[in-house]
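Data block below; observations after.
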Amino acid sequence: MAKKNEIINIKIDDLLFPNKGVGIFENYKVTVKNTLPGQVVNARITKKRDGKLEASLLDIEKNAEYEIKPGCGHFKYCGGCSYQNITVEKENEIKEKQVLKLLDDAGIKGYIYEGIDVSPVIEGYRNKCEFSFGDEEKGGDLALGMRKRNSFYEVVTLTDCNIIDGDYLSIIKSTLDFFRKKAIPFYHKSRHDGVLRHLVVRKGAYTGEILVNLVTTSGVSFDIEDYAKELLSIKLDGNVCGILHTENDGVADVVKSDNTKVIYGNGYFTDKLFDLNFKVTAFSFFQTNTKGAEKLYEIVKEYAGDSKDKTVFDLYCGTGTISQIMAANSKKVVGIEIVEEAIEAAKENAALNGIDNCKFIAGDVLKKVEELTDKPDIIIVDPPRDGIHPKAINKIIDFNAPEIVYVSCKPSSLARDLAIFQESGYEVVKIKLLNQYPRSAHTESVALLVKK
């Protein structure tokens with residue numbers, strides 16, 4: 001009889017979204033994260049309920065036949081990637097199967113499935129990374145990089161990584177050297193003491209501009225200007241356009257600002273999407289794969305169709321990227337976003353690009369849609385990972401827009417929301433997937449819904 005903490009040996013037969021391998025042990029269905037179908041693994045049972053088991057991976061006894069040599073030396077331990085050990089073609093196949101199963105289980109039927117595309121760049125594509133300070137083992141040297149897989153505390157210092165820009169590695173090394181010499185401690189999540197929390201680096205794919213944001217607790221004991229000088233002395237392919245210092249005294253292990261100061265240069269970086277220019281601030285949303293985003297927005301434009309003389313709502317608009325892309329052929333575009341900083345950036349970007357038919361509103365979609373007086377011809381929704389708020393979705397439906405284009409970064413949320421739209425008189429016409437973040441477990445989806 002299987003019991004908690006028992007070490008078991010199982011073959012993985014299937015993979016559930018996002019990265020949960022499934023096998024059978026003593027007639028129990030077992031899920032083990034970070035495994036692949038065809039692998040034989042040793043795992044420790046962590047939960048047992050409702051006739052199912054959850055287990056944590058200990059080691060892989062036998063690889064799947066289709067596995068390849070990982071494209072990164074940290075892959076075994078780093079929690080940043082899921083699929084460095086398979087080809088992109090196999091990755092596409094896995095993601096496609098996962099999404100279609102979620103849609104099928106939710107009762108989404110009768111649509112045209114238009115396949116899965118992949119990002120035009122699969123290496124060095126991330127234009128934003130949040131690195132954590134910590135130690136690689138308890139009491140070890142200061143580390144800076146990604147959290148270790150299956151660990152809340154330990155950090156893998158990145159010395160190579162094939163999904164981030166090489167300049168990021170240089171910045172990590174320089175930052176580590178600086179703070180090791182100063183003997184500045186990292187912030188301990190369990191003890192709630194220490195100083196160094198995160199390092200956020202953003203870089204324009206087309207401009208090469210780099211924005212660095214050091215996140216610490218308040219009351220630092222070192223000269224932040226000295227750190228800025230250290231960064232500016234590094235030889236990089238891009239150019240540092242801004243260095244920020246953010247203070248965060250919160251308990252949660254997230255990047256947030258109690259206070260942010262510009263130490264050098266600008267509080268933003270610039271980049272391009274198609275022929276449009278965008279200023280992106282430290283905390284505003286911008287797709288983290290710029291060239292992949294262009295591919296995604298091509299699909300969105302295609303699904304939205306001819307918007308000439310039409311009013312478009314862009315809900316969860318971020319810095320207004322989709323809004324401005326749609327504006328060229330539309331009568332009017334109205335964008336809503338809860339992050340005020342992003343809305344200010346959207347307004348500034350629209351002015352920068354000479355676009356005057358976009359209106360941007362700061363606030364929660366749930367509340368702000370009630371204030372809209374325009375009647376939309378097309379609604380584009382690009383919600384956060386949890387999808388559309390249950391109350392907001394009904395308000396969106398009440399607009400009776402002839403067409404809705406749903407852009408999703410989490411297929412389980414997409415499947416749930418599409419089922420609600422279906423029940424409310426919308427037909428799911430077609431769906432296309434984009435592997436916008438290769439090597440990760442994430443998949444972008446675009447769905448076109450038409451009012452019956």
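By convention here, the chains of the structure tokens are called A, B, ... in the order presented, each chain's residues are numbered starting at 1, and ligands are numbered starting at 1 in the order presented.
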Exercise: Val251 of chain A partners within 10 Å, only C-alpha atoms, chain neighbours under 3 positions left out, as number ranges by chain: A: 187-193, 248, 254
Expected file: the selected residues, N, CA and C atoms, as a CSV table (one decimal), in the first residue's frame:
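Generated file (selection.csv):
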```
chain,number,residue,atom,x,y,z
A,187,TYR,N,18.5,38.8,1.2
A,187,TYR,CA,17.4,38.8,2.1
A,187,TYR,C,16.9,37.3,2.3
A,188,HIS,N,16.9,36.9,3.6
A,188,HIS,CA,16.4,35.5,3.9
A,188,HIS,C,14.9,35.5,4.0
A,189,LYS,N,14.3,34.7,3.2
A,189,LYS,CA,12.8,34.7,3.2
A,189,LYS,C,12.2,34.1,4.5
A,190,SER,N,13.0,33.2,5.1
A,190,SER,CA,12.4,32.6,6.3
A,190,SER,C,12.7,33.4,7.6
A,191,ARG,N,13.9,34.1,7.6
A,191,ARG,CA,14.2,34.9,8.8
A,191,ARG,C,13.8,36.4,8.6
A,192,HIS,N,13.5,36.8,7.4
A,192,HIS,CA,13.1,38.2,7.1
A,192,HIS,C,14.2,39.2,7.5
A,193,ASP,N,15.5,38.8,7.2
A,193,ASP,CA,16.6,39.7,7.4
A,193,ASP,C,17.5,39.7,6.2
A,248,ASN,N,12.0,47.3,-1.3
A,248,ASN,CA,10.9,46.5,-1.0
A,248,ASN,C,11.1,45.8,0.3
A,254,VAL,N,8.3,38.5,-4.1
A,254,VAL,CA,7.9,39.0,-5.4
A,254,VAL,C,8.6,40.4,-5.6
```
Picked from segment 177-209 of chain A by DSSP as strand (DSSP E or B), as a PyMOL selection string: chain A and resi 186+188+193+196-203+209
Using only C-alpha atoms, what table do you get, as CSV, when you list each residue of segment 256-324 of chain A with an atom no more than 9 Å from segment 109-128 of chain A, its nearest pair of atoms, and their distance in Å rounded to one decimal, rows by chain then rising number?
```
residue,atom,partner,partner_atom,distance
A:Phe286,CA,A:Lys128,CA,8.9
A:Gln287,CA,A:Asn127,CA,8.2
A:Thr288,CA,A:Asn127,CA,5.1
A:Asn289,CA,A:Arg126,CA,5.2
A:Thr290,CA,A:Asn127,CA,7.1
A:Lys291,CA,A:Pro120,CA,6.6
A:Gly292,CA,A:Ser119,CA,4.7
A:Ala293,CA,A:Ser119,CA,8.3
A:Lys295,CA,A:Ser119,CA,7.0
A:Leu296,CA,A:Ser119,CA,8.7
```
Output the selection as an mmCIF file, in the first residue's frame - C-alpha atoms for each residue.
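Result saved to part26.cif:
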```
data_model
loop_
_atom_site.group_PDB
_atom_site.id
_atom_site.type_symbol
_atom_site.label_atom_id
_atom_site.label_comp_id
_atom_site.auth_asym_id
_atom_site.auth_seq_id
_atom_site.Cartn_x
_atom_site.Cartn_y
_atom_site.Cartn_z
ATOM 1 C CA PHE A 286 5.637 44.231 -22.310
ATOM 2 C CA GLN A 287 5.777 40.830 -24.006
ATOM 3 C CA THR A 288 9.030 39.201 -22.886
ATOM 4 C CA ASN A 289 9.831 37.884 -26.365
ATOM 5 C CA THR A 290 9.675 40.897 -28.678
ATOM 6 C CA LYS A 291 9.987 39.077 -31.998
ATOM 7 C CA GLY A 292 7.681 36.337 -30.744
ATOM 8 C CA ALA A 293 5.179 39.071 -29.815
ATOM 9 C CA LYS A 295 4.268 36.835 -34.519
ATOM 10 C CA LEU A 296 1.501 36.715 -31.894
#
```
Residue set, segment 300-382 of chain A restricted to alpha helix (DSSP H), as number ranges by chain: A: 300-304, 321-327, 340-352, 365-368
Near Gly38 of chain A, counting only C-alpha atoms, which residues have an atom at most 8 Å away, once you skip same-chain residues fewer than 3 positions from it, shown as an mmCIF file with C-alpha atoms, in the first residue's frame?
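In the end it all went to result-v4.cif:
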```
data_model
loop_
_atom_site.group_PDB
_atom_site.id
_atom_site.type_symbol
_atom_site.label_atom_id
_atom_site.label_comp_id
_atom_site.auth_asym_id
_atom_site.auth_seq_id
_atom_site.Cartn_x
_atom_site.Cartn_y
_atom_site.Cartn_z
ATOM 1 C CA LYS A 11 7.414 4.935 -15.819
ATOM 2 C CA ILE A 12 5.908 8.208 -17.016
ATOM 3 C CA ASP A 13 3.164 7.570 -19.582
ATOM 4 C CA ASN A 63 15.656 8.827 -20.250
ATOM 5 C CA ALA A 64 12.968 8.878 -22.899
ATOM 6 C CA GLU A 65 14.160 7.712 -26.320
#
```
So that I can see what lies close to Ala282 of chain A, please list as a tab-separated table (two decimals) with N, CA and C atoms, in the first residue's frame the residues with an atom at most 9 Å from it, counting only C-alpha atoms and leaving out residues fewer than 4 positions away in the same chain.
```tsv
chain	number	residue	atom	x	y	z
A	200	VAL	N	16.44	42.85	-11.67
A	200	VAL	CA	15.58	42.76	-12.85
A	200	VAL	C	16.29	43.44	-14.02
A	202	ARG	N	16.06	44.28	-18.21
A	202	ARG	CA	15.23	44.33	-19.40
A	202	ARG	C	16.06	44.92	-20.55
A	211	LEU	N	17.85	48.17	-19.25
A	211	LEU	CA	17.38	48.79	-18.01
A	211	LEU	C	17.63	47.81	-16.87
A	212	VAL	N	18.36	48.25	-15.85
A	212	VAL	CA	18.71	47.40	-14.71
A	212	VAL	C	18.03	47.94	-13.45
A	213	ASN	N	17.37	47.07	-12.73
A	213	ASN	CA	16.68	47.47	-11.50
A	213	ASN	C	17.13	46.57	-10.35
A	244	LEU	N	18.13	51.55	-11.88
A	244	LEU	CA	17.15	51.89	-10.86
A	244	LEU	C	17.46	51.18	-9.55
A	267	GLY	N	14.30	55.97	-16.52
A	267	GLY	CA	13.52	54.96	-15.79
A	267	GLY	C	12.78	54.05	-16.74
A	268	TYR	N	13.25	53.96	-17.97
A	268	TYR	CA	12.59	53.14	-18.99
A	268	TYR	C	13.62	52.74	-20.05
A	269	PHE	N	13.22	51.75	-20.88
A	269	PHE	CA	13.99	51.45	-22.09
A	269	PHE	C	13.03	51.52	-23.27
```
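Using only C-alpha atoms for every distance, the candidate list A:Glu344, A:Gly354, A:Ala252, A:Glu302 yields A:Gly354 as the residue closest to Asn277 of chain A.
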Segment 318-329 of chain A surroundings by only C-alpha atoms, 7 Å radius, close-in-sequence under 2 positions cut, as a count of residues only: 19
Selection near Phe222 of chain A, 10 Å with only C-alpha atoms, sequence-local residues under 4 positions removed, as JSON, numbers by chain: {"A": [179, 182, 183, 184, 226, 227]}
Using only C-alpha atoms: which of A:Val369, A:Leu414, A:Ile94, A:Ala362 has the shortest distance to Pro384 of chain A: A:Leu414
